[in-house]
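For reference, input.csv (CSV, C-alpha atoms):
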chain,number,residue,atom,x,y,z
S,379,LEU,CA,119.9,73.8,137.1
S,380,GLN,CA,122.9,73.0,135.0
S,381,LEU,CA,122.2,76.3,133.2
S,382,LEU,CA,123.4,78.0,136.4
S,383,SER,CA,126.5,75.8,136.9
S,384,PRO,CA,130.0,77.2,136.4
S,385,PHE,CA,131.7,76.6,133.0
S,386,GLN,CA,135.3,76.7,132.0
S,387,LEU,CA,135.6,78.7,128.8
S,388,GLY,CA,139.2,78.3,127.8
S,389,ASP,CA,141.1,80.0,130.6
S,390,LEU,CA,138.0,81.9,131.8
S,391,LYS,CA,135.8,80.5,134.6
S,392,LEU,CA,132.2,81.6,133.9
S,393,LYS,CA,129.9,81.7,136.9
S,394,ASN,CA,127.0,80.2,135.0
S,395,ARG,CA,126.1,79.2,131.4
S,396,VAL,CA,123.7,82.1,130.8
S,397,VAL,CA,125.0,84.4,128.0
S,398,LEU,CA,123.8,87.9,127.1
S,399,ALA,CA,123.3,87.6,123.3
S,400,PRO,CA,124.7,90.4,121.2
S,401,LEU,CA,121.9,92.9,120.6
S,402,THR,CA,122.0,96.0,118.5
S,403,ARG,CA,120.3,98.7,120.7
S,404,ALA,CA,121.5,101.9,119.0
S,405,ARG,CA,121.9,103.8,122.3
S,406,CYS,CA,125.1,105.9,121.5
S,407,THR,CA,124.4,109.6,121.9
S,408,PRO,CA,122.3,110.9,119.0
S,409,THR,CA,123.7,113.9,117.1
S,410,GLU,CA,122.3,116.3,114.5
S,411,ASP,CA,125.0,115.3,112.0
S,412,PRO,CA,124.5,111.5,111.4
S,413,LEU,CA,128.3,111.2,110.6
S,414,ASP,CA,129.4,112.9,113.8
S,415,VAL,CA,131.8,110.5,115.6
S,416,LYS,CA,130.0,111.2,118.9
S,417,ASN,CA,127.1,108.9,117.9
S,418,THR,CA,129.5,106.0,117.6
S,419,ILE,CA,131.1,106.3,121.0
S,420,PRO,CA,129.8,104.1,123.9
S,421,ASN,CA,128.3,106.3,126.7
S,422,GLU,CA,127.5,106.0,130.4
S,423,LEU,CA,124.0,104.7,129.7
S,424,MET,CA,125.5,101.8,127.8
S,425,ALA,CA,127.9,101.1,130.7
S,426,THR,CA,124.9,100.9,133.0
S,427,TYR,CA,123.1,98.6,130.7
S,428,TYR,CA,125.9,96.0,130.6
S,429,GLU,CA,126.6,96.4,134.3
S,430,GLN,CA,123.0,95.6,135.1
S,431,ARG,CA,123.3,92.3,133.2
S,432,ALA,CA,126.7,91.3,134.5
S,433,SER,CA,125.4,88.4,136.6
S,434,GLY,CA,125.3,86.3,133.4
S,435,GLY,CA,128.3,84.0,132.8
S,436,LEU,CA,129.3,85.8,129.6
S,437,LEU,CA,128.2,89.1,128.1
S,438,ILE,CA,128.6,89.6,124.3
S,439,THR,CA,128.3,93.2,123.2
S,440,GLU,CA,126.1,94.5,120.5
S,441,ALA,CA,127.6,94.3,117.0
S,442,THR,CA,130.4,96.9,116.8
S,443,ALA,CA,131.7,98.3,113.5
S,444,ILE,CA,135.3,97.8,112.7
S,445,SER,CA,135.6,100.5,110.0
S,446,GLU,CA,133.7,103.2,108.2
S,447,GLU,CA,133.0,100.9,105.4
S,448,GLY,CA,131.8,98.2,107.8
S,449,SER,CA,129.3,100.6,109.5
S,450,GLY,CA,125.7,101.4,108.6
S,451,TRP,CA,123.5,101.6,111.7
S,452,LEU,CA,122.8,105.0,113.2
S,453,ASN,CA,123.8,105.3,116.8
S,454,ALA,CA,125.4,101.9,116.9
S,455,PRO,CA,129.0,101.8,118.4
S,456,HIS,CA,132.3,101.5,116.5
S,457,ILE,CA,135.7,100.3,117.5
S,458,CYS,CA,138.0,102.3,115.2
S,459,ASN,CA,139.6,105.1,117.3
S,460,GLU,CA,140.8,106.1,120.8
S,461,GLN,CA,137.6,107.9,121.7
S,462,GLN,CA,135.6,104.8,121.1
S,463,VAL,CA,138.2,102.8,123.1
S,464,ALA,CA,137.7,105.2,126.0
S,465,GLY,CA,133.9,104.8,125.8
S,466,TRP,CA,134.2,101.0,125.7
S,467,LYS,CA,136.7,101.1,128.6
S,468,LYS,CA,133.9,102.6,130.8
S,469,VAL,CA,131.8,99.5,129.9
S,470,THR,CA,134.4,96.9,130.6
S,471,ASP,CA,135.4,98.6,133.9
S,472,ARG,CA,131.8,98.5,135.1
S,473,VAL,CA,131.3,94.9,134.0
S,474,HIS,CA,134.5,93.7,135.6
S,475,LYS,CA,133.8,95.5,138.8
S,476,ALA,CA,130.5,93.6,138.9
S,477,ASP,CA,132.5,90.3,138.5
S,478,GLY,CA,131.4,89.9,134.8
S,479,ILE,CA,133.2,88.7,131.7
S,480,ILE,CA,132.6,90.5,128.4
S,481,PHE,CA,133.5,89.9,124.7
S,482,LEU,CA,133.2,92.5,122.0
S,483,GLN,CA,131.4,91.5,118.8
S,484,LEU,CA,133.3,92.6,115.7
S,485,TRP,CA,131.1,93.6,112.8
S,486,HIS,CA,131.2,94.5,109.1
S,487,MET,CA,127.8,94.9,107.5
S,488,GLY,CA,128.9,94.5,103.9
S,489,ARG,CA,125.9,94.9,101.6
S,490,GLN,CA,123.5,95.6,104.4
S,491,ALA,CA,125.0,99.0,104.9
S,492,HIS,CA,124.0,102.1,102.9
S,493,SER,CA,126.5,104.3,101.1
S,494,SER,CA,125.4,107.4,103.0
S,495,PHE,CA,127.4,106.0,106.0
S,496,HIS,CA,130.5,105.9,103.9
S,497,PRO,CA,131.6,109.4,102.9
S,498,THR,CA,135.1,108.2,102.0
S,499,ARG,CA,134.3,105.7,99.3
S,500,LYS,CA,130.6,106.5,98.8
S,501,ASP,CA,129.6,102.8,98.1
S,502,THR,CA,128.9,99.5,99.8
S,503,VAL,CA,130.8,96.3,99.4
S,504,SER,CA,130.3,92.5,99.5
S,505,ALA,CA,131.7,89.2,98.2
S,506,SER,CA,129.8,89.8,94.9
S,507,ALA,CA,127.8,92.5,93.3
S,508,ILE,CA,124.4,91.1,94.3
S,509,LYS,CA,121.9,93.4,96.0
S,510,ILE,CA,119.3,92.5,98.6
S,511,SER,CA,116.0,91.8,97.0
S,512,THR,CA,113.6,92.2,99.9
S,513,GLY,CA,112.6,95.2,102.2
S,514,LYS,CA,114.4,98.5,102.4
S,515,ALA,CA,117.8,99.8,103.6
S,516,LYS,CA,118.1,102.6,106.2
S,517,ASN,CA,120.3,105.5,105.2
S,518,SER,CA,122.4,107.6,107.6
S,519,LYS,CA,119.3,109.8,108.4
S,520,HIS,CA,117.4,106.7,109.5
S,521,GLU,CA,115.1,107.0,106.4
S,522,PRO,CA,114.1,104.0,104.3
S,523,ALA,CA,116.1,103.8,101.1
S,524,GLU,CA,116.4,101.4,98.2
S,525,TRP,CA,119.0,98.7,98.6
S,526,GLU,CA,122.2,99.4,96.5
S,527,THR,CA,124.1,97.0,94.4
S,528,PRO,CA,127.4,96.4,96.4
S,529,ARG,CA,130.8,96.4,94.8
S,530,ALA,CA,132.7,93.1,95.0
S,531,LEU,CA,135.8,93.5,97.1
S,532,SER,CA,139.1,93.1,95.3
S,533,ILE,CA,141.6,90.6,96.7
S,534,GLU,CA,143.7,93.6,98.0
S,535,GLU,CA,140.6,95.0,99.7
S,536,ILE,CA,139.8,91.7,101.3
S,537,LYS,CA,143.3,91.7,102.8
S,538,GLU,CA,142.7,95.3,104.1
S,539,THR,CA,139.4,94.2,105.6
S,540,VAL,CA,141.1,91.3,107.4
S,541,GLN,CA,143.5,93.9,108.9
S,542,ASP,CA,140.5,96.0,109.9
S,543,PHE,CA,139.2,93.1,111.9
S,544,LYS,CA,142.6,92.7,113.5
S,545,LYS,CA,142.8,96.4,114.4
S,546,GLY,CA,139.3,96.1,115.9
S,547,ALA,CA,140.6,93.3,118.1
S,548,GLN,CA,143.7,95.3,119.1
S,549,LEU,CA,141.5,98.2,120.1
S,550,ALA,CA,139.1,95.8,121.9
S,551,LYS,CA,142.0,94.5,123.9
S,552,LYS,CA,143.1,98.0,124.8
S,553,ALA,CA,139.5,98.7,125.9
S,554,GLY,CA,139.7,95.8,128.4
S,555,PHE,CA,137.6,93.2,126.7
S,556,ASP,CA,138.2,89.6,127.8
S,557,GLY,CA,137.8,88.4,124.2
S,558,VAL,CA,136.1,89.0,120.9
S,559,GLU,CA,133.4,87.4,118.8
S,560,ILE,CA,133.6,87.5,115.0
S,561,HIS,CA,130.1,88.3,113.6
S,562,SER,CA,130.0,85.8,110.7
S,563,ALA,CA,126.2,85.4,110.8
S,564,ASN,CA,122.9,87.2,109.8
S,565,GLY,CA,123.9,88.1,106.3
S,566,TYR,CA,126.7,90.5,107.2
S,567,LEU,CA,130.0,90.6,105.3
S,568,VAL,CA,131.6,87.3,106.5
S,569,ASP,CA,128.4,85.4,106.0
S,570,GLN,CA,128.2,87.0,102.5
S,571,PHE,CA,131.5,85.2,101.7
S,572,LEU,CA,130.4,81.9,103.3
S,573,GLN,CA,127.1,81.5,101.4
S,574,THR,CA,126.5,80.8,97.7
S,575,GLN,CA,123.5,83.1,97.9
S,576,THR,CA,125.8,86.0,97.9
S,577,ASN,CA,129.2,84.6,96.9
S,578,LYS,CA,129.5,84.1,93.1
S,579,ARG,CA,133.3,84.8,93.0
S,580,THR,CA,135.5,82.8,90.7
S,581,ASP,CA,138.8,83.6,92.5
S,582,ILE,CA,140.3,82.0,95.7
S,583,TYR,CA,137.5,83.4,97.8
S,584,GLY,CA,134.6,81.8,95.9
S,585,GLY,CA,133.3,78.6,94.5
S,586,SER,CA,134.4,75.7,96.7
S,587,MET,CA,133.6,75.4,100.4
S,588,GLU,CA,137.4,75.7,101.0
S,589,ASN,CA,137.5,79.0,99.1
S,590,ARG,CA,134.3,80.5,100.7
S,591,ILE,CA,135.7,79.9,104.2
S,592,ARG,CA,139.0,81.5,103.4
S,593,PHE,CA,138.0,85.0,104.5
S,594,LEU,CA,136.8,83.8,107.9
S,595,LYS,CA,140.0,81.8,108.4
S,596,GLU,CA,142.2,84.7,107.5
S,597,ILE,CA,140.3,86.9,110.0
S,598,VAL,CA,140.8,84.3,112.8
S,599,GLU,CA,144.5,83.9,112.0
S,600,ALA,CA,144.9,87.7,112.1
S,601,ILE,CA,143.1,88.1,115.4
S,602,LYS,CA,145.1,85.2,116.9
S,603,GLU,CA,148.1,87.6,116.8
S,604,VAL,CA,146.1,89.8,119.3
S,605,TYR,CA,144.1,87.4,121.5
S,606,PRO,CA,144.9,83.7,122.1
S,607,ALA,CA,142.5,81.3,120.2
S,608,ASN,CA,140.6,80.5,123.3
S,609,ARG,CA,139.5,84.2,123.6
S,610,ILE,CA,138.1,84.3,120.1
S,611,GLY,CA,134.5,83.1,119.3
S,612,PHE,CA,132.5,83.2,116.1
S,613,ARG,CA,128.8,83.3,115.3
S,614,LEU,CA,126.9,81.4,112.6
S,615,SER,CA,123.3,81.5,111.3
S,616,PRO,CA,122.9,78.5,109.0
S,617,ASN,CA,119.1,78.6,108.9
S,618,GLY,CA,118.4,82.4,108.9
S,619,VAL,CA,116.8,84.4,106.1
S,620,TYR,CA,117.7,87.8,107.6
S,621,GLY,CA,119.6,89.9,105.1
S,622,ASP,CA,118.1,88.0,102.2
S,623,MET,CA,120.2,84.9,103.1
S,624,GLY,CA,119.9,81.1,102.8
S,625,SER,CA,121.7,78.8,100.4
S,626,PRO,CA,120.8,75.3,99.1
S,627,ASP,CA,124.1,73.9,100.3
S,628,ASN,CA,124.1,75.3,103.9
S,629,ASP,CA,123.4,71.8,105.3
S,630,LYS,CA,126.9,70.9,103.9
S,631,MET,CA,128.7,74.2,104.2
S,632,PHE,CA,128.0,74.9,107.9
S,633,PRO,CA,129.1,71.5,109.2
S,634,PHE,CA,132.2,72.0,107.1
S,635,ILE,CA,132.8,75.4,108.7
S,636,ALA,CA,132.5,73.7,112.1
S,637,LYS,CA,135.1,71.1,111.1
S,638,GLU,CA,137.5,73.6,109.7
S,639,MET,CA,137.2,76.1,112.6
S,640,ASN,CA,137.6,73.2,115.1
S,641,LYS,CA,141.3,73.1,114.2
S,642,TYR,CA,141.9,76.5,115.9
S,643,GLY,CA,140.9,75.7,119.5
S,644,LEU,CA,138.6,78.7,119.6
S,645,ALA,CA,136.6,79.9,122.6
S,646,TYR,CA,133.2,78.8,121.1
S,647,VAL,CA,130.9,78.7,118.2
S,648,HIS,CA,127.7,80.7,118.7
S,649,VAL,CA,124.9,79.3,116.6
S,650,MET,CA,121.6,80.9,115.8
S,651,ASP,CA,120.0,77.4,115.4
S,652,GLY,CA,116.5,78.4,116.3
S,653,LEU,CA,114.1,79.4,113.5
S,654,GLY,CA,112.5,82.3,115.4
S,655,PHE,CA,114.5,84.8,113.3
S,656,GLY,CA,113.1,83.4,110.0
S,657,TYR,CA,114.0,80.2,108.1
S,658,HIS,CA,115.1,80.3,104.5
S,659,ASN,CA,113.7,76.8,103.7
S,660,LYS,CA,116.3,76.2,100.9
S,661,CYS,CA,117.9,73.1,102.5
S,662,PRO,CA,117.4,70.9,105.6
S,663,VAL,CA,117.6,72.7,108.9
S,664,VAL,CA,121.2,72.7,110.4
S,665,THR,CA,120.9,71.6,114.0
S,666,LEU,CA,123.4,71.9,116.9
S,667,ALA,CA,123.8,68.2,116.7
S,668,ASP,CA,125.1,68.7,113.1
S,669,ILE,CA,127.6,71.2,114.4
S,670,ARG,CA,128.6,69.1,117.5
S,671,LYS,CA,129.7,66.2,115.2
S,672,HIS,CA,132.5,68.4,113.9
S,673,PHE,CA,133.2,71.0,116.7
S,674,ASP,CA,134.8,69.8,119.9
S,675,GLY,CA,134.8,73.2,121.6
S,676,PRO,CA,132.0,75.0,123.5
S,677,ILE,CA,128.7,75.6,121.6
S,678,ILE,CA,126.4,78.5,122.5
S,679,SER,CA,122.8,78.0,121.4
S,680,ASN,CA,120.7,81.1,120.6
S,681,CYS,CA,117.3,82.1,119.3
S,682,GLY,CA,114.1,82.3,121.3
S,683,LEU,CA,115.2,80.1,124.2
S,684,THR,CA,113.4,79.7,127.5
S,685,ARG,CA,114.9,78.6,130.7
S,686,ASP,CA,113.6,75.0,130.4
S,687,VAL,CA,114.5,74.6,126.8
S,688,ALA,CA,118.0,75.9,127.5
S,689,GLU,CA,118.3,73.6,130.5
S,690,GLY,CA,117.3,70.6,128.3
S,691,MET,CA,119.9,71.4,125.7
S,692,ILE,CA,122.6,71.7,128.2
S,693,ARG,CA,121.6,68.5,130.0
S,694,SER,CA,121.5,66.6,126.7
S,695,GLY,CA,125.0,67.8,125.7
S,696,THR,CA,123.6,69.6,122.6
S,697,ALA,CA,124.8,73.0,123.9
S,698,ASP,CA,127.2,74.1,126.6
S,699,LEU,CA,125.9,77.7,127.0
S,700,ALA,CA,122.6,79.4,126.3
S,701,ALA,CA,122.3,83.0,124.9
S,702,PHE,CA,119.2,85.0,125.7
S,703,GLY,CA,118.4,88.3,123.9
S,704,ARG,CA,114.9,89.7,124.1
S,705,LEU,CA,114.3,88.0,127.5
S,706,TYR,CA,117.6,89.5,128.9
S,707,ILE,CA,116.5,93.0,127.7
S,708,SER,CA,113.4,92.9,129.9
S,709,ASN,CA,115.0,90.9,132.8
S,710,PRO,CA,118.4,92.5,133.7
S,711,ASP,CA,118.7,89.9,136.6
S,712,LEU,CA,117.7,87.0,134.4
S,713,PRO,CA,120.1,84.4,136.0
S,714,GLU,CA,118.8,85.3,139.5
S,715,ARG,CA,115.2,84.9,138.3
S,716,PHE,CA,116.0,81.5,136.9
S,717,ALA,CA,117.8,80.5,140.1
S,718,ASN,CA,115.1,81.6,142.5
S,719,ASP,CA,112.1,80.6,140.3
S,720,TRP,CA,111.0,84.2,140.3
S,721,PRO,CA,108.5,85.4,137.6
S,722,VAL,CA,110.2,86.3,134.3
S,723,GLU,CA,108.9,89.5,132.5
S,724,LYS,CA,107.7,89.0,129.0
S,725,GLU,CA,110.2,89.5,126.1
S,726,ALA,CA,110.9,93.2,125.4
S,727,PRO,CA,108.6,94.5,122.6
S,728,TYR,CA,110.0,95.4,119.2
S,729,GLU,CA,109.6,99.2,119.8
S,730,THR,CA,112.2,99.1,122.6
S,731,TRP,CA,114.9,97.3,120.7
S,732,TRP,CA,116.7,100.1,118.8
S,733,GLN,CA,114.7,103.3,118.9
S,734,PRO,CA,116.6,106.4,120.1
S,735,THR,CA,114.7,106.4,123.4
S,736,GLY,CA,117.7,106.6,125.7
S,737,ALA,CA,117.0,104.9,129.0
S,738,LYS,CA,113.4,104.1,128.2
S,739,GLY,CA,113.1,100.4,127.3
S,740,TYR,CA,116.9,100.1,127.9
S,741,THR,CA,118.1,100.6,131.4
S,742,ASP,CA,114.7,101.1,133.1
S,743,TRP,CA,113.7,97.5,133.3
S,744,PRO,CA,113.4,96.7,137.0
S,745,THR,CA,115.1,93.8,138.8
S,746,TYR,CA,112.8,91.5,140.7
S,747,LYS,CA,112.4,92.4,144.3
S,748,VAL,CA,111.0,89.8,146.7
S,749,GLN,CA,107.8,91.3,148.1
S,750,GLU,CA,107.5,90.7,151.8
S,751,LYS,CA,104.2,89.1,152.5
S,752,LYS,CA,102.0,91.2,154.8
S,753,ALA,CA,101.4,89.4,158.1

Show the structure stored in the file as C-alpha cells.
Amino acid sequence: LQLLSPFQLGDLKLKNRVVLAPLTRARCTPTEDPLDVKNTIPNELMATYYEQRASGGLLITEATAISEEGSGWLNAPHICNEQQVAGWKKVTDRVHKADGIIFLQLWHMGRQAHSSFHPTRKDTVSASAIKISTGKAKNSKHEPAEWETPRALSIEEIKETVQDFKKGAQLAKKAGFDGVEIHSANGYLVDQFLQTQTNKRTDIYGGSMENRIRFLKEIVEAIKEVYPANRIGFRLSPNGVYGDMGSPDNDKMFPFIAKEMNKYGLAYVHVMDGLGFGYHNKCPVVTLADIRKHFDGPIISNCGLTRDVAEGMIRSGTADLAAFGRLYISNPDLPERFANDWPVEKEAPYETWWQPTGAKGYTDWPTYKVQEKKA
C-alpha cells in the first residue's frame, strides 16, 4: 500500500501517509467553574490518547484556542499560558517517545464562540457583523443559546489577532510540537475572512480575493518568524456548510488561495474535500485536482475516507497524505490494521466525540490482537 509508504514532509520523514485528523474531543479536566483555567490544560488522559495513535505518519491535534477571545468550546484545550504549555509538553513527549510526529492546530472560533467564554470583552468577533442563521450556540455552561451578532474586528484588532496566532506558535514550539496547522476551515475566524458569506468588509481585508486572503497571509508571515515555512500547514474547507458557510465564488477563491499560499513553501495544505460534513451547494464542488493545479506542496485529503479510497487518491497523485478522523478514534492502531488487513472497527459514534465521558469512548478503544487459532 502506498498509503503506508514513507513520505518526506519538508525536513520531516513520516513513517507512512496516514494522518490523525484534528478532532475536538473536549477531554480536558471538567471543573465546576466553566472559566477555570484547569479545563483548558491538556491532561494525562489526552497524552495517552495521542500516544495510542502515534503509529500514524503525522498527528494533528484537536483545535486549540490561541486566546480567550478565540475560545468557545468547554473542556477544549488552549495554548495561551505556561500551564497549558506544560500540559501539552506531556503530550509531545509521549508521542515523540513512541516515534511519532505531531503538529498543533491553532484555532480562533470567531463568531462561532459565545460571549460567555469571554469575560474580558463580553462579546464575539468576526470579519463582519453577521450572525449565524442556523442551529444554536453553546454557552460556557454547555447550554444551548441563541447565536450572537459578532462585532467586526477593527484593523488594529486584526493585527493583535495575528500576534495571538504568533504567540500560540511560540508556545507550541516551547511545548515541543514539530510544527503547527493554521485552522482556516470550518467557518472559524480565518475562514470568516476568506469567504464572502461572512466577509462584507470595505477595507483592505474585504472585497477582492487579494484582500480576503490578507489575514491568512499575515498569520503565515508572523508564524514564519517562529517555525520555518515547511513546518507550517493550513486547513481549508471549500465545500463545507458547517458554521453556516459556503459562498458562490468559492470555486474561484479557493484555487486562488492555493496559488497564493504556494509561494510560501509551506508544509502542506489540508483540504476537507469530501462532502460528508455537509455541502453548501452554492457553487461547483472544489476538488483536490483544482487545488493541485495551483499548489505544488503536499496535499492532505480529509473527510470520510476509507483505506481503499485513500490509497486510490495517493496512487493517482490527487493527494499525498490521507487524514482519518472518526475511524482513527475507534481504531487507535489504524495503520497496523491497514497494513495487516485486520478488521477495522466501525467509525466511532457521535455520542463519543466530545461528551465529558473521560476515558470512555476516548482511550478505551482496543487495539487489534491477533487471535491464536485453537488447534

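With all atoms listed in the file as the atoms that count, the residue of S:Leu482, S:Leu413, S:Leu437, S:Ile444 with the shortest distance to Gly703 in chain S is S:Leu437.
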
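Interatomic distance, CA of Gly388 in chain S to CA of Val558 in chain S: 13.1 Å.
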
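Between CA of Ala432 in chain S and CA of Asp477 in chain S lies a distance of 7.1 Å.
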
- How far is it from CA of Trp732 in chain S to CA of Ala404 in chain S, in Å with one decimal? 5.1 Å

- Message: Which residue is closest to Phe593 in chain S? Choose from S:Arg693, S:Lys637, S:Lys537, S:His486 and count only C-alpha atoms.
- Response: S:Lys537

- Residue with smallest distance to Ala600 in chain S - pool S:Val503, S:Val540, S:Ala523, S:Met631, counting all atoms listed in the file: S:Val540

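The shortest atom-to-atom distance to Ile597 in chain S, with only C-alpha atoms taken into account, belongs to S:Ile560 out of S:Ala553, S:Leu683, S:Ile560, S:Ala726.
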
- Query: Taking only C-alpha atoms into account, which of S:Gln462, S:Gln570, S:Gln380, S:Thr409 comes nearest Glu689 in chain S?
  - Reply: S:Gln380

For range 440-493 of chain S versus range 611-622 of chain S, which residues have an atom no more than 9 Å away, and what is each residue's nearest atom pair and distance in Å rounded to one decimal, using all atoms listed in the file, chain-then-number order, as JSON lines?
{"residue": "S:Phe481", "atom": "CA", "partner": "S:Gly611", "partner_atom": "CA", "distance": 8.7}
{"residue": "S:Gln483", "atom": "CA", "partner": "S:Phe612", "partner_atom": "CA", "distance": 8.8}
{"residue": "S:Arg489", "atom": "CA", "partner": "S:Gly621", "partner_atom": "CA", "distance": 8.8}
{"residue": "S:Gln490", "atom": "CA", "partner": "S:Gly621", "partner_atom": "CA", "distance": 6.9}
